[in-house]
file structure_31.cif (mmCIF, C-alpha atoms)
data_data
#
loop_
_atom_site.label_atom_id
_atom_site.label_comp_id
_atom_site.auth_asym_id
_atom_site.auth_seq_id
_atom_site.Cartn_x
_atom_site.Cartn_y
_atom_site.Cartn_z
CA MET Q 604 -7.41 -17.39 9.71
CA LYS Q 605 -9.13 -14.34 11.18
CA ASP Q 606 -12.22 -12.82 9.60
CA ASP Q 607 -11.47 -9.48 7.86
CA GLN Q 608 -13.95 -7.85 10.23
CA GLU Q 609 -11.65 -8.67 13.19
CA LEU Q 610 -8.89 -6.55 11.58
CA TYR Q 611 -11.09 -3.62 10.45
CA GLU Q 612 -10.35 -0.01 11.44
CA ALA Q 613 -13.40 2.28 11.39
CA LYS Q 614 -13.18 5.92 10.27
CA VAL Q 615 -14.22 8.36 13.03
CA SER Q 616 -13.31 11.63 11.29
CA SER Q 617 -11.07 12.84 8.45
CA LYS Q 618 -9.07 16.07 8.31
CA PRO Q 619 -7.54 17.41 5.06
CA ILE Q 620 -4.07 18.80 5.88
CA TYR Q 621 -2.58 19.72 2.50
CA ASP Q 622 -4.12 19.87 -0.95
CA GLY Q 623 -1.18 19.92 -3.34
CA LYS Q 624 -0.30 19.60 -7.01
CA VAL Q 625 0.26 15.84 -6.96
CA LEU Q 626 -0.55 14.77 -3.41
CA HIS Q 627 -3.29 15.34 -0.87
CA LEU Q 628 -2.52 14.66 2.79
CA PHE Q 629 -5.17 13.58 5.30
CA VAL Q 630 -5.09 12.72 8.99
CA ASP Q 631 -7.99 10.56 10.14
CA ASP Q 632 -9.14 9.52 13.59
CA VAL Q 633 -9.96 5.81 13.54
CA LYS Q 634 -11.28 3.17 15.90
CA LEU Q 635 -9.12 0.05 16.16
CA PRO Q 636 -10.57 -3.50 16.29
CA ASP Q 637 -10.31 -3.39 20.13
CA GLY Q 638 -12.26 -0.12 20.21
CA LYS Q 639 -9.24 2.05 21.08
CA PRO Q 640 -8.57 5.29 19.17
CA ALA Q 641 -5.65 5.82 16.76
CA ILE Q 642 -4.71 8.21 13.98
CA ARG Q 643 -3.86 7.36 10.39
CA GLU Q 644 -1.77 9.76 8.28
CA TYR Q 645 -2.01 9.07 4.55
CA VAL Q 646 -1.61 10.57 1.11
CA LYS Q 647 -4.23 10.45 -1.63
CA GLN Q 648 -3.04 10.59 -5.22
CA VAL Q 649 -4.48 9.78 -8.60
CA ASN Q 650 -3.59 6.18 -9.52
CA ALA Q 651 -0.73 5.44 -11.89
CA VAL Q 652 0.53 3.09 -14.59
CA ALA Q 653 3.93 1.56 -15.33
CA VAL Q 654 4.88 -0.24 -18.52
CA LEU Q 655 7.68 -2.68 -19.27
CA PRO Q 656 8.31 -2.24 -23.03
CA LEU Q 657 9.95 -5.39 -24.44
CA THR Q 658 11.54 -5.34 -27.90
CA LYS Q 659 11.55 -8.41 -30.13
CA GLU Q 660 15.28 -8.68 -29.39
CA GLY Q 661 14.44 -9.18 -25.68
CA GLU Q 662 15.55 -5.72 -24.61
CA VAL Q 663 13.62 -3.44 -22.25
CA LEU Q 664 13.26 0.30 -22.76
CA CYS Q 665 14.11 1.83 -19.39
CA VAL Q 666 14.25 5.45 -18.29
CA ARG Q 667 16.91 7.07 -16.15
CA GLN Q 668 15.35 9.90 -14.16
CA TYR Q 669 16.56 12.16 -11.34
CA ARG Q 670 14.42 11.51 -8.28
CA TYR Q 671 14.57 14.57 -6.08
CA ALA Q 672 13.29 12.74 -2.96
CA HIS Q 673 16.25 10.33 -3.26
CA GLU Q 674 18.83 12.85 -4.53
CA LYS Q 675 19.94 10.54 -7.33
CA VAL Q 676 19.17 9.14 -10.75
CA LEU Q 677 17.12 5.92 -10.68
CA LEU Q 678 16.68 3.34 -13.41
CA GLU Q 679 12.96 2.67 -13.89
CA ILE Q 680 10.44 1.44 -16.39
CA PRO Q 681 8.27 4.14 -18.01
CA ALA Q 682 5.49 5.23 -15.67
CA GLY Q 683 3.18 8.07 -14.86
CA LYS Q 684 -0.04 9.16 -13.25
CA LEU Q 685 -3.42 8.75 -14.90
CA ASP Q 686 -5.03 11.98 -16.12
CA SER Q 687 -7.85 11.25 -13.65
CA ASP Q 688 -9.16 8.31 -11.62
CA ASP Q 689 -11.68 7.76 -14.44
CA GLU Q 690 -9.08 7.28 -17.16
CA ASP Q 691 -8.78 3.74 -18.55
CA PRO Q 692 -5.36 2.55 -17.29
CA GLU Q 693 -4.61 0.99 -20.70
CA VAL Q 694 -5.05 4.41 -22.33
CA GLY Q 695 -2.77 5.91 -19.67
CA ALA Q 696 -0.19 3.17 -20.17
CA ARG Q 697 -0.07 3.77 -23.93
CA ARG Q 698 0.22 7.54 -23.38
CA GLU Q 699 3.07 7.30 -20.82
CA LEU Q 700 4.92 4.80 -23.01
CA ARG Q 701 4.65 7.11 -26.01
CA GLU Q 702 5.53 10.28 -24.07
CA GLU Q 703 8.53 8.87 -22.23
CA THR Q 704 10.08 6.59 -24.86
CA GLY Q 705 8.43 7.43 -28.19
CA ALA Q 706 7.25 3.80 -28.53
CA GLU Q 707 3.81 2.51 -29.43
CA CYS Q 708 2.82 -1.09 -28.80
CA ALA Q 709 0.67 -3.66 -30.61
CA ALA Q 710 -0.02 -5.71 -27.45
CA LEU Q 711 -0.48 -4.67 -23.82
CA THR Q 712 -0.68 -7.38 -21.11
CA PHE Q 713 -1.95 -6.44 -17.62
CA LEU Q 714 0.46 -7.70 -14.94
CA GLY Q 715 -1.61 -6.77 -11.87
CA GLY Q 716 -1.71 -3.86 -9.45
CA PHE Q 717 1.22 -2.59 -7.36
CA ILE Q 718 0.80 -0.83 -4.02
CA GLY Q 719 4.02 1.04 -3.26
CA SER Q 720 3.30 1.91 0.37
CA PRO Q 721 0.11 0.36 1.78
CA ALA Q 722 0.13 2.37 5.02
CA ILE Q 723 0.86 5.82 3.58
CA LEU Q 724 -0.23 5.97 -0.07
CA THR Q 725 -3.66 5.21 -1.52
CA GLU Q 726 -2.00 4.88 -4.94
CA VAL Q 727 -2.23 1.66 -6.94
CA VAL Q 728 0.05 1.36 -9.98
CA CYS Q 729 -1.30 -0.80 -12.82
CA LEU Q 730 1.63 -2.73 -14.30
CA TYR Q 731 1.74 -3.70 -17.99
CA LEU Q 732 3.94 -5.57 -20.42
CA ALA Q 733 4.10 -3.84 -23.82
CA GLU Q 734 5.11 -5.88 -26.89
CA GLY Q 735 5.08 -5.34 -30.65
CA LEU Q 736 6.83 -1.98 -30.36
CA SER Q 737 7.13 0.67 -33.06
CA PHE Q 738 9.15 3.82 -32.57
CA HIS Q 739 8.53 7.56 -32.81
CA ALA Q 740 9.98 10.64 -31.09
CA PRO Q 741 9.44 10.90 -27.29
CA SER Q 742 7.48 13.88 -25.89
CA PRO Q 743 7.99 14.01 -22.11
CA ASP Q 744 6.11 16.43 -19.84
CA GLU Q 745 7.82 19.80 -19.75
CA ASP Q 746 9.07 19.31 -16.15
CA GLU Q 747 10.29 15.78 -16.90
CA PHE Q 748 13.88 15.08 -17.94
CA LEU Q 749 14.51 11.49 -18.97
CA ASP Q 750 17.19 9.37 -20.53
CA VAL Q 751 15.91 6.29 -22.39
CA VAL Q 752 18.21 3.24 -22.37
CA ARG Q 753 17.81 -0.33 -23.70
CA ILE Q 754 18.87 -3.19 -21.45
CA PRO Q 755 18.41 -6.95 -22.07
CA LEU Q 756 15.74 -8.46 -19.77
CA GLY Q 757 18.13 -11.16 -18.48
CA ARG Q 758 20.62 -8.47 -17.47
CA LEU Q 759 17.84 -6.56 -15.67
CA VAL Q 760 16.90 -9.70 -13.69
CA ASP Q 761 20.55 -9.94 -12.57
CA MET Q 762 20.51 -6.23 -11.65
CA VAL Q 763 17.35 -6.73 -9.54
CA LEU Q 764 18.90 -9.72 -7.76
CA SER Q 765 22.12 -7.85 -7.02
CA GLY Q 766 20.22 -4.87 -5.58
CA GLU Q 767 21.29 -2.47 -8.35
CA ILE Q 768 17.67 -1.59 -9.19
CA GLU Q 769 15.92 -0.05 -6.21
CA ASP Q 770 12.65 1.21 -7.70
CA GLY Q 771 9.95 -1.15 -6.48
CA LYS Q 772 7.55 -1.18 -9.45
CA THR Q 773 10.53 -1.73 -11.75
CA GLN Q 774 11.80 -4.70 -9.70
CA THR Q 775 8.33 -6.24 -9.59
CA ALA Q 776 7.64 -5.76 -13.31
CA ILE Q 777 11.02 -7.18 -14.38
CA LEU Q 778 10.66 -10.32 -12.24
CA LYS Q 779 7.01 -10.77 -13.23
CA VAL Q 780 7.76 -10.52 -16.93
CA ALA Q 781 10.73 -12.92 -16.60
CA GLU Q 782 8.44 -15.45 -14.84
CA LEU Q 783 5.69 -14.87 -17.43
CA LEU Q 784 8.11 -15.52 -20.33
CA ARG Q 785 9.43 -18.63 -18.51
CA ARG Q 786 5.87 -19.95 -18.31
CA ARG Q 787 5.33 -19.12 -21.98
CA GLY Q 788 8.53 -21.08 -22.71
CA GLU Q 789 10.24 -17.93 -24.06
CA MET Q 790 12.89 -17.55 -21.35
CA ALA Q 791 15.29 -19.97 -19.66
CA MET D 589 23.52 7.65 -22.12
CA LYS D 590 23.18 11.05 -20.50
CA ASP D 591 25.42 12.17 -17.69
CA ASP D 592 23.58 12.24 -14.31
CA GLN D 593 24.37 15.96 -14.13
CA GLU D 594 22.14 16.57 -17.20
CA LEU D 595 19.16 15.17 -15.25
CA TYR D 596 19.87 16.88 -11.90
CA GLU D 597 17.30 19.06 -10.12
CA ALA D 598 18.78 21.64 -7.73
CA LYS D 599 17.11 22.58 -4.44
CA VAL D 600 16.20 26.28 -4.25
CA SER D 601 14.27 26.25 -0.98
CA SER D 602 12.44 23.76 1.25
CA LYS D 603 9.23 24.32 3.21
CA PRO D 604 8.04 21.92 5.96
CA ILE D 605 4.26 21.56 5.62
CA TYR D 606 3.32 18.88 8.16
CA ASP D 607 5.34 17.21 10.91
CA GLY D 608 3.36 14.12 11.85
CA LYS D 609 3.62 10.91 13.81
CA VAL D 610 4.92 8.76 10.94
CA LEU D 611 5.31 11.18 8.04
CA HIS D 612 6.79 14.60 7.41
CA LEU D 613 5.63 16.51 4.33
CA PHE D 614 7.82 19.03 2.50
CA VAL D 615 7.31 21.21 -0.56
CA ASP D 616 10.54 22.35 -2.20
CA ASP D 617 11.22 24.83 -4.95
CA VAL D 618 13.68 23.32 -7.40
CA LYS D 619 15.53 24.33 -10.55
CA LEU D 620 15.13 21.88 -13.44
CA PRO D 621 18.03 20.90 -15.75
CA ASP D 622 16.88 23.57 -18.25
CA GLY D 623 16.95 26.24 -15.49
CA LYS D 624 13.15 26.49 -15.22
CA PRO D 625 11.47 26.43 -11.78
CA ALA D 626 9.29 23.58 -10.49
CA ILE D 627 7.99 22.35 -7.15
CA ARG D 628 8.51 18.91 -5.61
CA GLU D 629 6.08 17.63 -2.97
CA TYR D 630 7.46 14.71 -0.98
CA VAL D 631 7.18 12.82 2.28
CA LYS D 632 10.09 12.03 4.59
CA GLN D 633 9.83 8.95 6.79
CA VAL D 634 12.24 6.81 8.75
CA ASN D 635 13.39 3.90 6.57
CA ALA D 636 11.86 0.45 6.93
CA VAL D 637 12.54 -3.27 6.73
CA ALA D 638 10.55 -6.19 5.33
CA VAL D 639 11.35 -9.86 5.93
CA LEU D 640 10.31 -12.97 4.03
CA PRO D 641 10.43 -15.75 6.67
CA LEU D 642 10.85 -19.13 4.96
CA THR D 643 10.26 -22.37 6.91
CA LYS D 644 12.26 -25.51 6.15
CA GLU D 645 9.04 -26.91 4.63
CA GLY D 646 9.15 -24.08 2.03
CA GLU D 647 6.30 -22.10 3.56
CA VAL D 648 6.30 -18.34 4.08
CA LEU D 649 4.94 -16.65 7.20
CA CYS D 650 2.72 -13.87 5.88
CA VAL D 651 0.63 -11.31 7.73
CA ARG D 652 -2.89 -10.23 6.88
CA GLN D 653 -3.38 -6.61 7.95
CA TYR D 654 -6.12 -4.03 7.45
CA ARG D 655 -4.71 -1.13 5.47
CA TYR D 656 -6.79 1.93 6.18
CA ALA D 657 -5.55 3.85 3.11
CA HIS D 658 -6.83 0.99 0.90
CA GLU D 659 -9.93 0.14 2.94
CA LYS D 660 -9.15 -3.57 2.88
CA VAL D 661 -7.04 -6.38 4.30
CA LEU D 662 -3.79 -6.98 2.41
CA LEU D 663 -1.55 -10.04 2.45
CA GLU D 664 2.03 -8.94 3.13
CA ILE D 665 5.33 -10.15 4.46
CA PRO D 666 6.25 -8.91 7.98
CA ALA D 667 7.55 -5.33 7.85
CA GLY D 668 7.96 -2.20 9.87
CA LYS D 669 9.82 1.03 10.34
CA LEU D 670 13.25 1.25 11.90
CA ASP D 671 13.34 2.76 15.41
CA SER D 672 15.52 5.52 13.92
CA ASP D 673 17.58 6.14 10.78
CA ASP D 674 20.63 5.03 12.80
CA GLU D 675 19.28 1.58 13.64
CA ASP D 676 21.03 -1.34 11.95
CA PRO D 677 18.42 -2.66 9.45
CA GLU D 678 19.29 -6.27 10.42
CA VAL D 679 18.39 -5.50 14.04
CA GLY D 680 15.14 -3.92 12.88
CA ALA D 681 14.38 -6.90 10.62
CA ARG D 682 14.85 -9.36 13.49
CA ARG D 683 12.67 -7.21 15.77
CA GLU D 684 9.79 -6.85 13.28
CA LEU D 685 9.92 -10.57 12.49
CA ARG D 686 9.73 -11.43 16.20
CA GLU D 687 7.03 -8.86 17.00
CA GLU D 688 4.74 -9.68 14.10
CA THR D 689 5.11 -13.46 13.82
CA GLY D 690 6.89 -14.62 16.99
CA ALA D 691 9.67 -16.13 14.87
CA GLU D 692 13.42 -15.79 15.33
CA CYS D 693 15.83 -16.70 12.54
CA ALA D 694 19.31 -18.24 12.38
CA ALA D 695 20.15 -16.69 8.99
CA LEU D 696 19.21 -13.35 7.45
CA THR D 697 20.06 -12.66 3.77
CA PHE D 698 19.89 -9.07 2.45
CA LEU D 699 17.83 -8.93 -0.76
CA GLY D 700 18.44 -5.26 -1.66
CA GLY D 701 16.59 -2.00 -1.14
CA PHE D 702 13.03 -1.28 -2.26
CA ILE D 703 11.76 2.21 -3.08
CA GLY D 704 7.96 2.17 -2.98
CA SER D 705 7.34 5.56 -4.57
CA PRO D 706 10.47 7.31 -5.87
CA ALA D 707 8.75 10.64 -6.57
CA ILE D 708 6.80 11.01 -3.31
CA LEU D 709 8.49 8.98 -0.56
CA THR D 710 12.10 9.19 0.63
CA GLU D 711 11.62 5.78 2.26
CA VAL D 712 13.82 2.83 1.30
CA VAL D 713 12.71 -0.60 2.57
CA CYS D 714 15.55 -3.08 3.20
CA LEU D 715 14.32 -6.54 2.11
CA TYR D 716 15.54 -9.72 3.81
CA LEU D 717 15.12 -13.47 3.56
CA ALA D 718 14.94 -15.13 7.01
CA GLU D 719 15.76 -18.84 7.34
CA GLY D 720 16.38 -21.25 10.19
CA LEU D 721 13.23 -20.19 12.03
CA SER D 722 12.31 -20.93 15.63
CA PHE D 723 8.97 -19.96 17.08
CA HIS D 724 7.77 -17.94 20.09
CA ALA D 725 4.65 -15.85 20.83
CA PRO D 726 4.12 -12.73 18.64
CA SER D 727 4.05 -9.28 20.33
CA PRO D 728 2.68 -6.75 17.82
CA ASP D 729 2.60 -2.98 18.51
CA GLU D 730 -0.49 -2.04 20.48
CA ASP D 731 -2.15 -0.29 17.50
CA GLU D 732 -1.31 -3.20 15.14
CA PHE D 733 -3.78 -6.03 14.50
CA LEU D 734 -2.34 -8.85 12.45
CA ASP D 735 -3.25 -12.35 11.34
CA VAL D 736 -0.25 -14.62 10.63
CA VAL D 737 -0.75 -17.25 7.89
CA ARG D 738 1.60 -19.81 6.31
CA ILE D 739 1.55 -20.15 2.53
CA PRO D 740 3.89 -22.27 0.34
CA LEU D 741 6.34 -20.11 -1.64
CA GLY D 742 5.32 -21.68 -4.96
CA ARG D 743 1.69 -20.79 -4.28
CA LEU D 744 2.72 -17.20 -3.45
CA VAL D 745 4.55 -16.92 -6.79
CA ASP D 746 1.34 -17.99 -8.53
CA MET D 747 -0.62 -15.43 -6.47
CA VAL D 748 1.81 -12.66 -7.49
CA LEU D 749 1.54 -13.64 -11.16
CA SER D 750 -2.26 -13.70 -11.04
CA GLY D 751 -2.40 -10.25 -9.41
CA GLU D 752 -3.84 -11.53 -6.11
CA ILE D 753 -1.00 -9.96 -4.10
CA GLU D 754 -0.93 -6.19 -4.54
CA ASP D 755 1.58 -5.08 -1.91
CA GLY D 756 4.72 -4.09 -3.77
CA LYS D 757 7.46 -5.10 -1.30
CA THR D 758 5.71 -8.45 -0.88
CA GLN D 759 5.59 -9.07 -4.65
CA THR D 760 9.24 -8.11 -5.03
CA ALA D 761 10.44 -10.23 -2.09
CA ILE D 762 8.50 -13.32 -3.18
CA LEU D 763 9.82 -13.19 -6.75
CA LYS D 764 13.37 -12.39 -5.60
CA VAL D 765 13.45 -15.30 -3.16
CA ALA D 766 12.01 -17.67 -5.78
CA GLU D 767 14.74 -16.59 -8.22
CA LEU D 768 17.40 -16.85 -5.49
CA LEU D 769 16.32 -20.41 -4.62
CA ARG D 770 16.27 -21.31 -8.32
CA ARG D 771 19.88 -20.10 -8.60
CA ARG D 772 20.78 -22.10 -5.47
CA GLY D 773 19.18 -25.14 -7.15
CA GLU D 774 16.53 -25.33 -4.39
CA MET D 775 13.49 -24.46 -6.49
CA ALA D 776 12.22 -25.63 -9.90
#

call {"tool": "encode", "arguments": {"input": "structure_31.cif", "output": "structure tokens"}}
result
Amino acid sequence: MKDDQELYEAKVSSKPIYDGKVLHLFVDDVKLPDGKPAIREYVKQVNAVAVLPLTKEGEVLCVRQYRYAHEKVLLEIPAGKLDSDDEDPEVGARRELREETGAECAALTFLGGFIGSPAILTEVVCLYLAEGLSFHAPSPDEDEFLDVVRIPLGRLVDMVLSGEIEDGKTQTAILKVAELLRRRGEMA
Amino acid sequence: MKDDQELYEAKVSSKPIYDGKVLHLFVDDVKLPDGKPAIREYVKQVNAVAVLPLTKEGEVLCVRQYRYAHEKVLLEIPAGKLDSDDEDPEVGARRELREETGAECAALTFLGGFIGSPAILTEVVCLYLAEGLSFHAPSPDEDEFLDVVRIPLGRLVDMVLSGEIEDGKTQTAILKVAELLRRRGEMA
């Protein structure tokens, strides 16, 4: 196995290209491990959270949301950006869960980080399992239109396997939770 | 369940902001379902492929690669962009597998699409399982420095569960293949 240092790309200079509402584009000149020059185009964003809310009946609260970049409605778990990079991701997870589905949870289990596009996006999404749910009215952001649906976890695993669920964080969270419950002895 | 039309966002106008080497940034004015205006910032890229190469001993060929946007080396499955949006993803998958690991495969199984960031990236990554491997010398792109390592699939599942593997497509592919082998009766 190579030493990390043999794979390292050194920053030479960084140029901000676009400073937007949700994304910030940079183009950097870098020096490759062999000393040759290259450029790296990437997008900085505030980090995010995604939450798989599991009811005691084994159902998951999912959201159906129109994704403009894909020109269609996708089925996803509740998710959103942190208010800032300093926000505790658990606080963000509870907020997004409440805003998008109206649910609060007694227990939040960290499932690890999720990097959606390692070459292009700096964003890491903290994934959580939410259990012990209680229900209130949702309060989505004013530019956010969502449809909350309940789907049994076993059915969602089948939908991931058949390719029906395309959103990456949602696929990862569903399969992780199914494996976690299997290890707990709570799922076949 | 709401009708998709109730969630739809209509394009009003589209402005190209940056036309780069690997990414193309746009900012569009849209009309929300309630008629109010909003903007959508998003990145167009050529679609991509990612391949989980499984040896007959149950090991996976993984690549360790420095990811500049994350300032560290990540463990991933072989992946890369298609040559164009018209390229057959299976052809691209075989090429990336050969270039990055030196392996060719007798069988390629489509595992579904993977959307890394549904709000920001138009990119869909086609995931594949590659079996029946034969080995040659790798030939990575000239600005690509990789370290190929073999790790048993069961160990990778543990690493995903413990949060050691952050790359999203890699997490999804590992858990999907483990579930697929379980359904085939080839994995406990």

call {"tool": "resolve_selection", "arguments": {"input": "structure_31.cif", "expression": "the PyMOL selection byres ((chain Q and resi 623) around 12)", "output": "MDAnalysis selection string"}}
result
(chainID Q and resid 619:622 624:629 646:649) or (chainID D and resid 605 613:615 627:630 708)

call {"tool": "resolve_selection", "arguments": {"input": "structure_31.cif", "expression": "the PyMOL selection byres ((chain D and resi 590-595) around 6)", "output": "list in words"}}
result
Tyr669 and Phe748 of chain Q; Met589, Tyr596 and Pro621 of chain D

call {"tool": "atom_distance", "arguments": {"input": "structure_31.cif", "atom1": "atom CA of Q:Ser687", "atom2": "atom CA of Q:Val652"}}
result
11.7 Å

call {"tool": "resolve_selection", "arguments": {"input": "structure_31.cif", "expression": "the PyMOL selection byres ((chain Q and resi 742) around 6)", "output": "MDAnalysis selection string"}}
result
chainID Q and resid 702 741 743

call {"tool": "residues_around", "arguments": {"input": "structure_31.cif", "residues": "D:Glu647", "least_positions_apart": "4", "cutoff": "9 Å", "atoms": "only C-alpha atoms", "output": "list of chain:residue names"}}
result
D:Pro641, D:Leu642, D:Thr643, D:Arg738, D:Ile739, D:Pro740, D:Leu741, D:Gly742

call {"tool": "atom_distance", "arguments": {"input": "structure_31.cif", "atom1": "atom CA of Q:Ser737", "atom2": "atom CA of Q:Ala781"}}
result
21.6 Å

call {"tool": "atom_distance", "arguments": {"input": "structure_31.cif", "atom1": "atom CA of Q:Glu782", "atom2": "atom CA of D:Leu749"}}
result
8.0 Å

call {"tool": "closest_residue", "arguments": {"input": "structure_31.cif", "among": "D:Pro677, D:Pro666, D:Gly623, D:Gly704", "to": "chain Q", "atoms": "only C-alpha atoms"}}
result
D:Gly704

call {"tool": "closest_residue", "arguments": {"input": "structure_31.cif", "among": "D:Leu709, D:Val618, D:Ala691, D:Ala626", "to": "D:Phe723", "atoms": "only C-alpha atoms"}}
result
D:Ala691

call {"tool": "closest_residue", "arguments": {"input": "structure_31.cif", "among": "Q:Gly788, Q:Gly716, Q:Gly771, Q:Gly683", "to": "D:Val713", "atoms": "all atoms listed in the file"}}
result
Q:Gly771

call {"tool": "residues_around", "arguments": {"input": "structure_31.cif", "residues": "D:Thr697", "least_positions_apart": "5", "cutoff": "7 Å", "atoms": "only C-alpha atoms", "output": "list in words"}}
result
Tyr716, Leu717 and Ala718 of chain D

call {"tool": "closest_residue", "arguments": {"input": "structure_31.cif", "among": "Q:Leu635, Q:Leu678, Q:Met762, Q:Cys665", "to": "chain D", "atoms": "only C-alpha atoms"}}
result
Q:Leu635

call {"tool": "residues_around", "arguments": {"input": "structure_31.cif", "residues": "D:Asn635", "least_positions_apart": "6", "cutoff": "6 Å", "atoms": "all atoms listed in the file", "output": "PyMOL selection string"}}
result
chain D and resi 669-670+711-712

call {"tool": "closest_residue", "arguments": {"input": "structure_31.cif", "among": "D:Ile753, D:Arg655, D:Ala598, D:Asp674", "to": "Q:Leu714", "atoms": "all atoms listed in the file"}}
result
D:Ile753

call {"tool": "closest_residue", "arguments": {"input": "structure_31.cif", "among": "D:Asp746, D:Glu597, D:Arg682, D:Ala657", "to": "Q:Arg786", "atoms": "only C-alpha atoms"}}
result
D:Asp746

call {"tool": "axis_aligned_box", "arguments": {"input": "structure_31.cif", "around": "stretch 729-735 of chain D", "padding_each_side": "4 Å", "output": "lines of an AutoDock Vina configuration file"}}
result
center_x = -0.6
center_y = -6.3
center_z = 15.9
size_x = 14.4
size_y = 20.1
size_z = 17.1
